[in-house]
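Structure data follow from final.pdb (PDB, C-alpha atoms, pLDDT in the B column):
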ATOM      1  CA  MET K  20     110.827  35.497 134.269  1.00 56.00           C
ATOM      2  CA  THR K  21     110.525  31.920 135.484  1.00 54.00           C
ATOM      3  CA  LYS K  22     110.429  31.747 139.248  1.00 58.00           C
ATOM      4  CA  VAL K  23     112.842  29.233 140.619  1.00 57.00           C
ATOM      5  CA  ASN K  24     113.212  27.992 144.136  1.00 64.00           C
ATOM      6  CA  LYS K  25     113.336  30.724 146.676  1.00 71.00           C
ATOM      7  CA  SER K  26     115.795  29.781 149.356  1.00 77.00           C
ATOM      8  CA  MET K  27     115.384  32.815 151.535  1.00 86.00           C
ATOM      9  CA  GLU K  28     113.284  35.890 152.034  1.00 92.00           C
ATOM     10  CA  LYS K  29     113.740  38.702 154.510  1.00 95.00           C
ATOM     11  CA  LYS K  30     112.020  42.019 155.190  1.00 96.00           C
ATOM     12  CA  PHE K  31     113.590  45.113 156.700  1.00 97.00           C
ATOM     13  CA  GLU K  32     111.972  48.323 157.807  1.00 97.00           C
ATOM     14  CA  PHE K  33     113.924  51.335 158.925  1.00 95.00           C
ATOM     15  CA  PHE K  34     113.866  55.097 158.860  1.00 94.00           C
ATOM     16  CA  SER K  35     115.387  57.267 156.175  1.00 93.00           C
ATOM     17  CA  THR K  36     118.443  58.395 158.134  1.00 92.00           C
ATOM     18  CA  SER K  37     122.055  57.985 157.098  1.00 89.00           C
ATOM     19  CA  LYS K  38     122.799  56.078 160.295  1.00 90.00           C
ATOM     20  CA  ASP K  39     120.011  53.558 159.652  1.00 92.00           C
ATOM     21  CA  LEU K  40     121.278  53.186 156.130  1.00 92.00           C
ATOM     22  CA  THR K  41     124.783  52.274 157.339  1.00 90.00           C
ATOM     23  CA  GLN K  42     123.346  49.753 159.786  1.00 92.00           C
ATOM     24  CA  PHE K  43     121.148  48.191 157.116  1.00 95.00           C
ATOM     25  CA  ARG K  44     124.173  47.820 154.848  1.00 94.00           C
ATOM     26  CA  ASP K  45     125.802  45.587 157.470  1.00 93.00           C
ATOM     27  CA  SER K  46     122.685  43.399 157.536  1.00 95.00           C
ATOM     28  CA  LEU K  47     122.694  43.188 153.762  1.00 96.00           C
ATOM     29  CA  LYS K  48     126.356  42.154 153.776  1.00 95.00           C
ATOM     30  CA  SER K  49     125.525  39.212 156.041  1.00 94.00           C
ATOM     31  CA  LEU K  50     122.643  38.089 153.834  1.00 94.00           C
ATOM     32  CA  LEU K  51     124.714  38.293 150.685  1.00 95.00           C
ATOM     33  CA  ALA K  52     127.613  36.424 152.271  1.00 93.00           C
ATOM     34  CA  ALA K  53     125.180  33.609 153.058  1.00 91.00           C
ATOM     35  CA  ALA K  54     123.917  33.653 149.449  1.00 92.00           C
ATOM     36  CA  GLY K  55     127.412  32.747 148.230  1.00 88.00           C
ATOM     37  CA  LEU K  56     127.697  35.051 145.203  1.00 91.00           C
ATOM     38  CA  GLY K  57     131.336  35.911 145.679  1.00 92.00           C
ATOM     39  CA  GLU K  58     132.888  39.148 146.809  1.00 93.00           C
ATOM     40  CA  LYS K  59     132.633  41.018 143.528  1.00 94.00           C
ATOM     41  CA  LYS K  60     128.887  40.517 143.026  1.00 96.00           C
ATOM     42  CA  GLU K  61     128.253  41.063 146.715  1.00 96.00           C
ATOM     43  CA  GLY K  62     130.070  44.392 146.526  1.00 96.00           C
ATOM     44  CA  GLU K  63     128.120  45.405 143.417  1.00 97.00           C
ATOM     45  CA  ILE K  64     124.765  44.679 145.023  1.00 98.00           C
ATOM     46  CA  ILE K  65     125.703  46.434 148.262  1.00 98.00           C
ATOM     47  CA  LEU K  66     126.773  49.565 146.396  1.00 97.00           C
ATOM     48  CA  ALA K  67     123.700  49.610 144.142  1.00 98.00           C
ATOM     49  CA  VAL K  68     121.296  49.159 147.051  1.00 98.00           C
ATOM     50  CA  ASP K  69     123.200  51.736 149.102  1.00 97.00           C
ATOM     51  CA  GLU K  70     122.884  54.256 146.265  1.00 97.00           C
ATOM     52  CA  ALA K  71     119.146  53.620 145.944  1.00 97.00           C
ATOM     53  CA  LEU K  72     118.652  54.062 149.668  1.00 96.00           C
ATOM     54  CA  THR K  73     120.843  57.158 149.777  1.00 94.00           C
ATOM     55  CA  ASN K  74     118.621  58.733 147.127  1.00 94.00           C
ATOM     56  CA  ILE K  75     115.608  58.111 149.330  1.00 94.00           C
ATOM     57  CA  VAL K  76     117.328  59.499 152.425  1.00 92.00           C
ATOM     58  CA  ARG K  77     118.429  62.594 150.513  1.00 90.00           C
ATOM     59  CA  HIS K  78     115.377  63.363 148.417  1.00 90.00           C
ATOM     60  CA  ALA K  79     112.245  61.393 149.149  1.00 92.00           C
ATOM     61  CA  TYR K  80     111.060  62.865 152.413  1.00 90.00           C
ATOM     62  CA  GLY K  81     112.448  66.392 152.299  1.00 86.00           C
ATOM     63  CA  HIS K  82     113.476  67.486 155.780  1.00 83.00           C
ATOM     64  CA  ASP K  83     111.392  64.766 157.429  1.00 88.00           C
ATOM     65  CA  THR K  84     112.277  61.146 157.894  1.00 91.00           C
ATOM     66  CA  GLY K  85     110.073  58.414 156.556  1.00 94.00           C
ATOM     67  CA  LEU K  86     109.896  54.679 156.446  1.00 95.00           C
ATOM     68  CA  ILE K  87     111.835  52.528 154.001  1.00 96.00           C
ATOM     69  CA  THR K  88     110.945  48.903 153.393  1.00 97.00           C
ATOM     70  CA  VAL K  89     113.399  46.489 151.820  1.00 98.00           C
ATOM     71  CA  MET K  90     112.423  42.978 150.769  1.00 97.00           C
ATOM     72  CA  PHE K  91     115.305  40.638 150.029  1.00 97.00           C
ATOM     73  CA  PHE K  92     114.764  37.449 148.021  1.00 96.00           C
ATOM     74  CA  ASP K  93     117.464  34.883 147.464  1.00 95.00           C
ATOM     75  CA  TYR K  94     116.436  32.688 144.535  1.00 94.00           C
ATOM     76  CA  GLU K  95     118.390  29.808 143.070  1.00 91.00           C
ATOM     77  CA  ASP K  96     119.463  31.875 140.075  1.00 93.00           C
ATOM     78  CA  ARG K  97     119.279  35.469 141.283  1.00 95.00           C
ATOM     79  CA  ILE K  98     118.957  37.962 144.083  1.00 97.00           C
ATOM     80  CA  GLU K  99     115.953  40.281 143.993  1.00 97.00           C
ATOM     81  CA  ILE K 100     115.633  43.318 146.195  1.00 98.00           C
ATOM     82  CA  PHE K 101     112.542  45.483 146.405  1.00 98.00           C
ATOM     83  CA  ILE K 102     112.873  48.926 147.941  1.00 98.00           C
ATOM     84  CA  ARG K 103     109.771  50.879 148.859  1.00 97.00           C
ATOM     85  CA  ASP K 104     109.258  54.365 150.232  1.00 96.00           C
ATOM     86  CA  SER K 105     106.293  56.705 150.539  1.00 95.00           C
ATOM     87  CA  GLY K 106     108.157  59.867 149.749  1.00 94.00           C
ATOM     88  CA  LYS K 107     108.026  62.103 146.703  1.00 93.00           C
ATOM     89  CA  LEU K 108     107.233  60.032 143.627  1.00 92.00           C
ATOM     90  CA  PHE K 109     110.385  59.628 141.556  1.00 92.00           C
ATOM     91  CA  ASP K 110     111.361  57.225 138.796  1.00 93.00           C
ATOM     92  CA  PRO K 111     115.167  56.912 138.787  1.00 92.00           C
ATOM     93  CA  THR K 112     115.129  54.847 135.604  1.00 93.00           C
ATOM     94  CA  LYS K 113     114.101  57.949 133.670  1.00 93.00           C
ATOM     95  CA  MET K 114     117.227  59.908 134.601  1.00 92.00           C
ATOM     96  CA  PRO K 115     119.679  60.436 131.745  1.00 91.00           C
ATOM     97  CA  PRO K 116     123.158  58.971 132.226  1.00 91.00           C
ATOM     98  CA  PRO K 117     125.728  61.360 133.664  1.00 93.00           C
ATOM     99  CA  GLU K 118     128.741  62.675 131.832  1.00 91.00           C
ATOM    100  CA  LEU K 119     131.784  60.541 132.710  1.00 93.00           C
ATOM    101  CA  PRO K 120     134.059  61.358 134.280  1.00 92.00           C
ATOM    102  CA  PRO K 121     131.802  63.786 136.124  1.00 92.00           C
ATOM    103  CA  LYS K 122     132.834  67.428 135.928  1.00 87.00           C
ATOM    104  CA  LYS K 123     131.136  68.286 139.192  1.00 87.00           C
ATOM    105  CA  PRO K 124     130.407  66.443 142.444  1.00 88.00           C
ATOM    106  CA  GLY K 125     127.284  64.294 142.608  1.00 87.00           C
ATOM    107  CA  GLY K 126     124.921  62.711 140.116  1.00 87.00           C
ATOM    108  CA  LEU K 127     126.448  59.241 140.035  1.00 94.00           C
ATOM    109  CA  GLY K 128     124.125  57.297 142.320  1.00 94.00           C
ATOM    110  CA  ILE K 129     121.532  56.297 139.748  1.00 94.00           C
ATOM    111  CA  TYR K 130     124.210  55.498 137.184  1.00 95.00           C
ATOM    112  CA  PHE K 131     125.814  53.082 139.650  1.00 96.00           C
ATOM    113  CA  ILE K 132     122.465  51.356 140.250  1.00 97.00           C
ATOM    114  CA  GLN K 133     121.928  50.824 136.522  1.00 96.00           C
ATOM    115  CA  LYS K 134     125.508  49.762 135.904  1.00 96.00           C
ATOM    116  CA  LEU K 135     125.852  47.348 138.802  1.00 97.00           C
ATOM    117  CA  MET K 136     122.517  45.531 138.713  1.00 98.00           C
ATOM    118  CA  ASP K 137     121.330  43.308 135.869  1.00 98.00           C
ATOM    119  CA  LYS K 138     117.795  44.634 135.962  1.00 97.00           C
ATOM    120  CA  VAL K 139     116.288  47.783 137.467  1.00 97.00           C
ATOM    121  CA  VAL K 140     112.520  48.248 137.401  1.00 97.00           C
ATOM    122  CA  TYR K 141     110.565  51.108 138.917  1.00 97.00           C
ATOM    123  CA  GLN K 142     106.895  51.235 139.595  1.00 96.00           C
ATOM    124  CA  SER K 143     104.643  53.566 141.462  1.00 94.00           C
ATOM    125  CA  VAL K 144     102.375  51.499 143.692  1.00 91.00           C
ATOM    126  CA  PRO K 145      99.033  53.097 144.617  1.00 87.00           C
ATOM    127  CA  PRO K 146      98.283  55.157 146.554  1.00 84.00           C
ATOM    128  CA  ALA K 147     101.709  56.857 146.469  1.00 88.00           C
ATOM    129  CA  VAL K 148     104.555  54.421 146.984  1.00 95.00           C
ATOM    130  CA  ASN K 149     107.809  54.252 145.065  1.00 96.00           C
ATOM    131  CA  GLU K 150     108.996  50.707 144.435  1.00 97.00           C
ATOM    132  CA  LEU K 151     112.357  49.895 142.955  1.00 98.00           C
ATOM    133  CA  GLN K 152     113.127  46.292 141.989  1.00 98.00           C
ATOM    134  CA  LEU K 153     116.797  45.429 141.680  1.00 98.00           C
ATOM    135  CA  THR K 154     117.872  42.082 140.247  1.00 98.00           C
ATOM    136  CA  LYS K 155     121.301  40.481 140.109  1.00 98.00           C
ATOM    137  CA  PHE K 156     121.786  37.102 138.452  1.00 97.00           C
ATOM    138  CA  LYS K 157     124.088  34.702 140.182  1.00 94.00           C
ATOM    139  CA  SER K 158     125.807  33.513 137.027  1.00 88.00           C
TER     140      SER K 158
ATOM    141  CA  MET H   7     134.886  56.213 159.821  1.00 95.00           C
ATOM    142  CA  LYS H   8     137.993  57.497 161.564  1.00 97.00           C
ATOM    143  CA  ILE H   9     139.962  60.323 160.007  1.00 98.00           C
ATOM    144  CA  SER H  10     143.457  61.082 161.206  1.00 97.00           C
ATOM    145  CA  HIS H  11     145.321  64.120 160.002  1.00 97.00           C
ATOM    146  CA  ARG H  12     148.954  65.169 160.237  1.00 96.00           C
ATOM    147  CA  GLN H  13     151.457  67.294 158.433  1.00 95.00           C
ATOM    148  CA  HIS H  14     154.527  65.619 157.094  1.00 91.00           C
ATOM    149  CA  ASP H  15     157.153  67.146 154.883  1.00 88.00           C
ATOM    150  CA  LYS H  16     154.819  70.004 153.860  1.00 92.00           C
ATOM    151  CA  VAL H  17     152.101  67.521 152.950  1.00 96.00           C
ATOM    152  CA  GLU H  18     148.666  67.485 154.578  1.00 97.00           C
ATOM    153  CA  VAL H  19     148.166  63.778 155.176  1.00 98.00           C
ATOM    154  CA  PHE H  20     144.764  62.295 155.872  1.00 98.00           C
ATOM    155  CA  GLU H  21     144.432  58.632 156.751  1.00 98.00           C
ATOM    156  CA  LEU H  22     140.941  57.209 156.530  1.00 98.00           C
ATOM    157  CA  ASP H  23     139.795  54.093 158.339  1.00 98.00           C
ATOM    158  CA  GLY H  24     136.379  52.641 157.591  1.00 97.00           C
ATOM    159  CA  GLU H  25     133.655  53.372 155.064  1.00 96.00           C
ATOM    160  CA  VAL H  26     133.293  56.564 153.061  1.00 97.00           C
ATOM    161  CA  ASP H  27     129.543  56.869 152.552  1.00 95.00           C
ATOM    162  CA  PHE H  28     126.645  59.287 152.862  1.00 93.00           C
ATOM    163  CA  HIS H  29     126.876  59.120 156.649  1.00 93.00           C
ATOM    164  CA  SER H  30     130.615  59.700 156.980  1.00 95.00           C
ATOM    165  CA  SER H  31     131.256  61.945 153.956  1.00 96.00           C
ATOM    166  CA  PRO H  32     130.228  65.228 155.606  1.00 96.00           C
ATOM    167  CA  GLU H  33     132.981  64.931 158.215  1.00 97.00           C
ATOM    168  CA  LEU H  34     135.564  64.096 155.553  1.00 98.00           C
ATOM    169  CA  ARG H  35     134.348  67.003 153.449  1.00 97.00           C
ATOM    170  CA  GLU H  36     134.725  69.398 156.364  1.00 97.00           C
ATOM    171  CA  LYS H  37     138.279  68.282 157.078  1.00 97.00           C
ATOM    172  CA  LEU H  38     139.354  68.387 153.429  1.00 97.00           C
ATOM    173  CA  GLN H  39     137.730  71.775 152.919  1.00 96.00           C
ATOM    174  CA  PHE H  40     139.708  73.145 155.876  1.00 95.00           C
ATOM    175  CA  SER H  41     142.953  72.219 154.114  1.00 96.00           C
ATOM    176  CA  VAL H  42     141.674  73.477 150.784  1.00 97.00           C
ATOM    177  CA  GLN H  43     140.679  76.825 152.255  1.00 96.00           C
ATOM    178  CA  LYS H  44     144.239  77.199 153.547  1.00 95.00           C
ATOM    179  CA  GLN H  45     145.289  76.479 149.938  1.00 96.00           C
ATOM    180  CA  ALA H  46     147.379  73.505 150.998  1.00 96.00           C
ATOM    181  CA  ASP H  47     149.205  72.647 147.797  1.00 94.00           C
ATOM    182  CA  ARG H  48     150.005  69.054 148.737  1.00 97.00           C
ATOM    183  CA  ILE H  49     147.194  66.910 150.083  1.00 98.00           C
ATOM    184  CA  LEU H  50     147.530  63.166 150.462  1.00 98.00           C
ATOM    185  CA  VAL H  51     144.585  60.987 151.380  1.00 98.00           C
ATOM    186  CA  SER H  52     145.461  57.416 152.258  1.00 98.00           C
ATOM    187  CA  LEU H  53     142.607  54.996 151.609  1.00 98.00           C
ATOM    188  CA  LYS H  54     144.610  51.997 152.771  1.00 98.00           C
ATOM    189  CA  LYS H  55     142.080  51.187 155.483  1.00 98.00           C
ATOM    190  CA  VAL H  56     138.983  52.123 153.478  1.00 98.00           C
ATOM    191  CA  ARG H  57     136.928  49.071 152.671  1.00 95.00           C
ATOM    192  CA  TYR H  58     133.936  50.802 151.054  1.00 96.00           C
ATOM    193  CA  ILE H  59     133.132  53.975 149.159  1.00 97.00           C
ATOM    194  CA  ASP H  60     129.938  55.148 147.491  1.00 96.00           C
ATOM    195  CA  SER H  61     129.048  58.064 145.223  1.00 96.00           C
ATOM    196  CA  SER H  62     128.825  60.423 148.224  1.00 95.00           C
ATOM    197  CA  GLY H  63     132.468  59.648 148.944  1.00 97.00           C
ATOM    198  CA  LEU H  64     133.414  60.179 145.318  1.00 97.00           C
ATOM    199  CA  ALA H  65     131.574  63.513 145.293  1.00 96.00           C
ATOM    200  CA  THR H  66     133.561  64.641 148.353  1.00 97.00           C
ATOM    201  CA  PHE H  67     136.821  63.888 146.592  1.00 97.00           C
ATOM    202  CA  VAL H  68     135.705  65.460 143.309  1.00 96.00           C
ATOM    203  CA  GLU H  69     134.784  68.671 145.105  1.00 96.00           C
ATOM    204  CA  ALA H  70     138.149  68.796 146.876  1.00 97.00           C
ATOM    205  CA  LEU H  71     140.002  68.043 143.649  1.00 97.00           C
ATOM    206  CA  GLN H  72     138.279  70.814 141.732  1.00 96.00           C
ATOM    207  CA  LYS H  73     139.186  73.370 144.380  1.00 96.00           C
ATOM    208  CA  VAL H  74     142.782  72.178 144.727  1.00 97.00           C
ATOM    209  CA  LYS H  75     143.266  72.436 140.955  1.00 96.00           C
ATOM    210  CA  ARG H  76     142.143  76.058 140.987  1.00 96.00           C
ATOM    211  CA  TYR H  77     145.225  77.052 142.959  1.00 96.00           C
ATOM    212  CA  ASN H  78     147.483  74.530 141.184  1.00 95.00           C
ATOM    213  CA  GLY H  79     147.759  72.261 144.182  1.00 96.00           C
ATOM    214  CA  LEU H  80     147.927  68.480 144.020  1.00 97.00           C
ATOM    215  CA  LEU H  81     145.587  66.018 145.681  1.00 98.00           C
ATOM    216  CA  VAL H  82     146.768  62.418 145.668  1.00 98.00           C
ATOM    217  CA  LEU H  83     144.752  59.407 146.779  1.00 98.00           C
ATOM    218  CA  SER H  84     146.874  56.464 147.824  1.00 98.00           C
ATOM    219  CA  GLU H  85     146.646  52.728 148.499  1.00 98.00           C
ATOM    220  CA  LEU H  86     143.174  52.099 147.136  1.00 98.00           C
ATOM    221  CA  ALA H  87     141.957  48.549 147.704  1.00 97.00           C
ATOM    222  CA  PRO H  88     140.809  46.862 144.474  1.00 96.00           C
ATOM    223  CA  ALA H  89     137.135  47.123 145.431  1.00 95.00           C
ATOM    224  CA  VAL H  90     137.499  50.846 146.125  1.00 97.00           C
ATOM    225  CA  ARG H  91     139.524  51.475 142.974  1.00 97.00           C
ATOM    226  CA  SER H  92     136.863  49.743 140.900  1.00 96.00           C
ATOM    227  CA  VAL H  93     134.274  52.299 142.094  1.00 97.00           C
ATOM    228  CA  PHE H  94     136.517  55.088 140.791  1.00 97.00           C
ATOM    229  CA  GLU H  95     136.913  53.153 137.528  1.00 97.00           C
ATOM    230  CA  ILE H  96     133.165  52.763 137.025  1.00 95.00           C
ATOM    231  CA  ALA H  97     132.851  56.544 137.234  1.00 95.00           C
ATOM    232  CA  LYS H  98     135.963  56.953 135.061  1.00 96.00           C
ATOM    233  CA  LEU H  99     137.502  58.953 137.875  1.00 96.00           C
ATOM    234  CA  ASP H 100     140.656  56.851 137.825  1.00 96.00           C
ATOM    235  CA  SER H 101     141.718  58.976 134.845  1.00 95.00           C
ATOM    236  CA  VAL H 102     141.045  62.209 136.730  1.00 96.00           C
ATOM    237  CA  PHE H 103     142.594  61.626 140.132  1.00 97.00           C
ATOM    238  CA  ALA H 104     146.273  61.110 140.895  1.00 97.00           C
ATOM    239  CA  LEU H 105     146.216  57.612 142.364  1.00 98.00           C
ATOM    240  CA  ALA H 106     149.313  56.255 144.057  1.00 98.00           C
ATOM    241  CA  GLN H 107     149.942  52.693 145.114  1.00 97.00           C
ATOM    242  CA  SER H 108     151.925  53.800 148.125  1.00 97.00           C
ATOM    243  CA  GLN H 109     152.593  56.914 150.157  1.00 96.00           C
ATOM    244  CA  GLU H 110     156.151  56.897 148.784  1.00 96.00           C
ATOM    245  CA  GLU H 111     154.777  57.071 145.263  1.00 97.00           C
ATOM    246  CA  ALA H 112     152.524  59.923 146.362  1.00 97.00           C
ATOM    247  CA  TYR H 113     155.502  61.891 147.681  1.00 96.00           C
ATOM    248  CA  ALA H 114     157.271  61.320 144.367  1.00 96.00           C
ATOM    249  CA  LEU H 115     154.243  62.816 142.593  1.00 96.00           C
ATOM    250  CA  PHE H 116     154.359  65.842 144.864  1.00 96.00           C
ATOM    251  CA  ALA H 117     158.064  66.293 144.094  1.00 94.00           C
ATOM    252  CA  GLN H 118     157.398  66.061 140.347  1.00 91.00           C
ATOM    253  CA  ASN H 119     154.569  68.566 140.608  1.00 85.00           C
ATOM    254  CA  GLN H 120     156.827  70.985 142.453  1.00 78.00           C
ATOM    255  CA  LYS H 121     159.355  70.963 139.608  1.00 65.00           C
ATOM    256  CA  ARG H 122     156.801  72.141 137.035  1.00 56.00           C
TER     257      ARG H 122
END

Show me this structure written as structure tokens.
Amino acid sequence: MTKVNKSMEKKFEFFSTSKDLTQFRDSLKSLLAAAGLGEKKEGEIILAVDEALTNIVRHAYGHDTGLITVMFFDYEDRIEIFIRDSGKLFDPTKMPPPELPPKKPGGLGIYFIQKLMDKVVYQSVPPAVNELQLTKFKS
Amino acid sequence: MKISHRQHDKVEVFELDGEVDFHSSPELREKLQFSVQKQADRILVSLKKVRYIDSSGLATFVEALQKVKRYNGLLVLSELAPAVRSVFEIAKLDSVFALAQSQEEAYALFAQNQKR
């Protein structure tokens, strides 16, 4: 992918609690509003990122809390968000799509991420870090 | 998120104000489950003041719906904002839930359900 001008970059670090997640979402809303994508795309990114973070809060660290790092990049043509955690290694891109409509509660988070973002890439970064790259094109 | 609850015309009415997410869903689940355990056959949840919902919120509603259906009750969600409705649509849950545009429409659905 050709890199185009990066107008803004921001890093967040917070703990894997539901309260921190809600607070981070407010910060993300402000950043996206400044990026000028429009309400629909803003809402899609917020939901996708929220789902990715919720998965970490629910599953990555078991009963402990751990650190989550989010890097936000606002490029001329796209938004890129990298989410890193050091919890249990897990590649969400390998999950099969759920049955729709769902017949039981749960199981939609990863589907939303894939559906709402234009590109979803997972990699395991040594020594034992999950990294999820979410991309949304501006047009 | 704030959850207010009242009974009106034999309907358990919940009015939500805020965001239905992983953080707030447990409280909503507890309150809905209380009504479900009583086998309330008419449950209305107004989402008029809900500006955000994620899959945790959807899961809470799906669980309540499944239990309500078992005793032939009716759960109606009303006044979904477009952004909230679109989340239901992505999951194809708009075809599963009774969605009303107003509380009046919801009461009409309850009346229809009663006649069956």

Assuming the chain letters and numbering stay as they are in my file, what does the ChimeraX specification (/H :<10) & /K actually select? List them as a PDB file with C-alpha atoms, in the coordinates of the input.
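Everything below was put into expr-v8.pdb:
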ATOM      1  CA  THR K  36     118.443  58.395 158.134  1.00 92.00           C
ATOM      2  CA  SER K  37     122.055  57.985 157.098  1.00 89.00           C
ATOM      3  CA  LYS K  38     122.799  56.078 160.295  1.00 90.00           C
ATOM      4  CA  ASP K  39     120.011  53.558 159.652  1.00 92.00           C
ATOM      5  CA  LEU K  40     121.278  53.186 156.130  1.00 92.00           C
ATOM      6  CA  THR K  41     124.783  52.274 157.339  1.00 90.00           C
ATOM      7  CA  GLU K  58     132.888  39.148 146.809  1.00 93.00           C
ATOM      8  CA  LYS K  59     132.633  41.018 143.528  1.00 94.00           C
ATOM      9  CA  GLY K  62     130.070  44.392 146.526  1.00 96.00           C
ATOM     10  CA  GLU K  63     128.120  45.405 143.417  1.00 97.00           C
ATOM     11  CA  ILE K  65     125.703  46.434 148.262  1.00 98.00           C
ATOM     12  CA  LEU K  66     126.773  49.565 146.396  1.00 97.00           C
ATOM     13  CA  ALA K  67     123.700  49.610 144.142  1.00 98.00           C
ATOM     14  CA  ASP K  69     123.200  51.736 149.102  1.00 97.00           C
ATOM     15  CA  GLU K  70     122.884  54.256 146.265  1.00 97.00           C
ATOM     16  CA  THR K  73     120.843  57.158 149.777  1.00 94.00           C
ATOM     17  CA  ASN K  74     118.621  58.733 147.127  1.00 94.00           C
ATOM     18  CA  VAL K  76     117.328  59.499 152.425  1.00 92.00           C
ATOM     19  CA  ARG K  77     118.429  62.594 150.513  1.00 90.00           C
ATOM     20  CA  PRO K 117     125.728  61.360 133.664  1.00 93.00           C
ATOM     21  CA  GLU K 118     128.741  62.675 131.832  1.00 91.00           C
ATOM     22  CA  LEU K 119     131.784  60.541 132.710  1.00 93.00           C
ATOM     23  CA  PRO K 120     134.059  61.358 134.280  1.00 92.00           C
ATOM     24  CA  PRO K 121     131.802  63.786 136.124  1.00 92.00           C
ATOM     25  CA  LYS K 122     132.834  67.428 135.928  1.00 87.00           C
ATOM     26  CA  LYS K 123     131.136  68.286 139.192  1.00 87.00           C
ATOM     27  CA  PRO K 124     130.407  66.443 142.444  1.00 88.00           C
ATOM     28  CA  GLY K 125     127.284  64.294 142.608  1.00 87.00           C
ATOM     29  CA  GLY K 126     124.921  62.711 140.116  1.00 87.00           C
ATOM     30  CA  LEU K 127     126.448  59.241 140.035  1.00 94.00           C
ATOM     31  CA  GLY K 128     124.125  57.297 142.320  1.00 94.00           C
ATOM     32  CA  ILE K 129     121.532  56.297 139.748  1.00 94.00           C
ATOM     33  CA  TYR K 130     124.210  55.498 137.184  1.00 95.00           C
ATOM     34  CA  PHE K 131     125.814  53.082 139.650  1.00 96.00           C
ATOM     35  CA  LYS K 134     125.508  49.762 135.904  1.00 96.00           C
ATOM     36  CA  LEU K 135     125.852  47.348 138.802  1.00 97.00           C
TER      37      LEU K 135
END

Tell me which of H:Val19, H:Pro32, H:Asn78, H:His14 sits closest to Ile49 (chain H), counting only C-alpha atoms.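 Of all the options, H:Val19 lies closest to Ile49 (chain H).
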
Which polymer residues, whether protein, DNA or RNA, lie within 10 Å of the coordinate (103.7, 59.0, 145.9) when you count only C-alpha atoms? List them as a ChimeraX atom specification, using the chain letters and numbers from the file. /K:79,104-109,143-150

Which polymer residues have any atom within 9 Å of an atom of Ile64 (chain K), counting all atoms listed in the file, with same-chain residues fewer than 3 positions away left out, as a JSON list (two decimals) with C-alpha atoms, in the frame of the given file?
[["chain", "number", "residue", "atom", "x", "y", "z"],
["K", 51, "LEU", "CA", 124.71, 38.29, 150.68],
["K", 59, "LYS", "CA", 132.63, 41.02, 143.53],
["K", 60, "LYS", "CA", 128.89, 40.52, 143.03],
["K", 61, "GLU", "CA", 128.25, 41.06, 146.72],
["K", 67, "ALA", "CA", 123.70, 49.61, 144.14],
["K", 68, "VAL", "CA", 121.30, 49.16, 147.05],
["K", 69, "ASP", "CA", 123.20, 51.74, 149.10],
["K", 98, "ILE", "CA", 118.96, 37.96, 144.08],
["K", 132, "ILE", "CA", 122.46, 51.36, 140.25],
["K", 135, "LEU", "CA", 125.85, 47.35, 138.80],
["K", 136, "MET", "CA", 122.52, 45.53, 138.71],
["K", 153, "LEU", "CA", 116.80, 45.43, 141.68],
["K", 154, "THR", "CA", 117.87, 42.08, 140.25],
["K", 155, "LYS", "CA", 121.30, 40.48, 140.11]]

What lies within 8 Å of Leu81 (chain H) using only C-alpha atoms, ignoring chain neighbours under 4 positions off, as a list in words?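 Using only C-alpha atoms, the neighbours found are Asp47, Arg48, Ile49, Leu50, Val51, Leu71, Val74, Phe103 and Ala104 of chain H.
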
Written as a PyMOL selection string, what is the full residue list that the PyMOL selection byres ((chain K and resi 97) around 12) yields on the file shown? chain K and resi 20-27+51+54-56+60-61+64+91-96+98-100+136-138+153-158

Around (148.1, 53.0, 153.7) in the file's frame, which residues reach within 7 Å when counting only C-alpha atoms? Return as a PyMOL selection string? chain H and resi 52-55+84-85+108-109

Hey, can you spit out that residue selection with C-alpha atoms as a PDB file, keeping the file's coordinate frame?
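That gives us out.pdb:
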ATOM      1  CA  SER H  52     145.461  57.416 152.258  1.00 98.00           C
ATOM      2  CA  LEU H  53     142.607  54.996 151.609  1.00 98.00           C
ATOM      3  CA  LYS H  54     144.610  51.997 152.771  1.00 98.00           C
ATOM      4  CA  LYS H  55     142.080  51.187 155.483  1.00 98.00           C
ATOM      5  CA  SER H  84     146.874  56.464 147.824  1.00 98.00           C
ATOM      6  CA  GLU H  85     146.646  52.728 148.499  1.00 98.00           C
ATOM      7  CA  SER H 108     151.925  53.800 148.125  1.00 97.00           C
ATOM      8  CA  GLN H 109     152.593  56.914 150.157  1.00 96.00           C
TER       9      GLN H 109
END

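As for CA of Gln152 (chain K) and CA of Ser35 (chain K), they are spaced 18.1 Å apart.
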
Picked residues, the PyMOL selection byres ((chain K and resi 88) around 6), as a PyMOL selection string: chain K and resi 31-32+87+89+102-103

Any idea what the distance is between CA of Phe20 (chain H) and CA of Leu80 (chain H)? 13.7 Å

Could you check the closest approach to Gln39 (chain H) for each of H:Gln120, H:Lys73, H:Tyr113, H:Arg91 and tell me which residue wins, using all atoms listed in the file? H:Lys73

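The two atoms in question, CA of Leu47 (chain K) and CA of Met90 (chain K), are spaced 10.7 Å apart.
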
Within 8 Å of Lys8 (chain H) using all atoms listed in the file, minus same-chain residues under 5 positions, as a list in words: Leu22, Asp23 and Gly24 of chain H

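For the set K:Gly81, K:Val139, K:Gly57, K:Phe101, the residue with the smallest atom-to-atom gap to Lys113 (chain K) is K:Val139, counting only C-alpha atoms.
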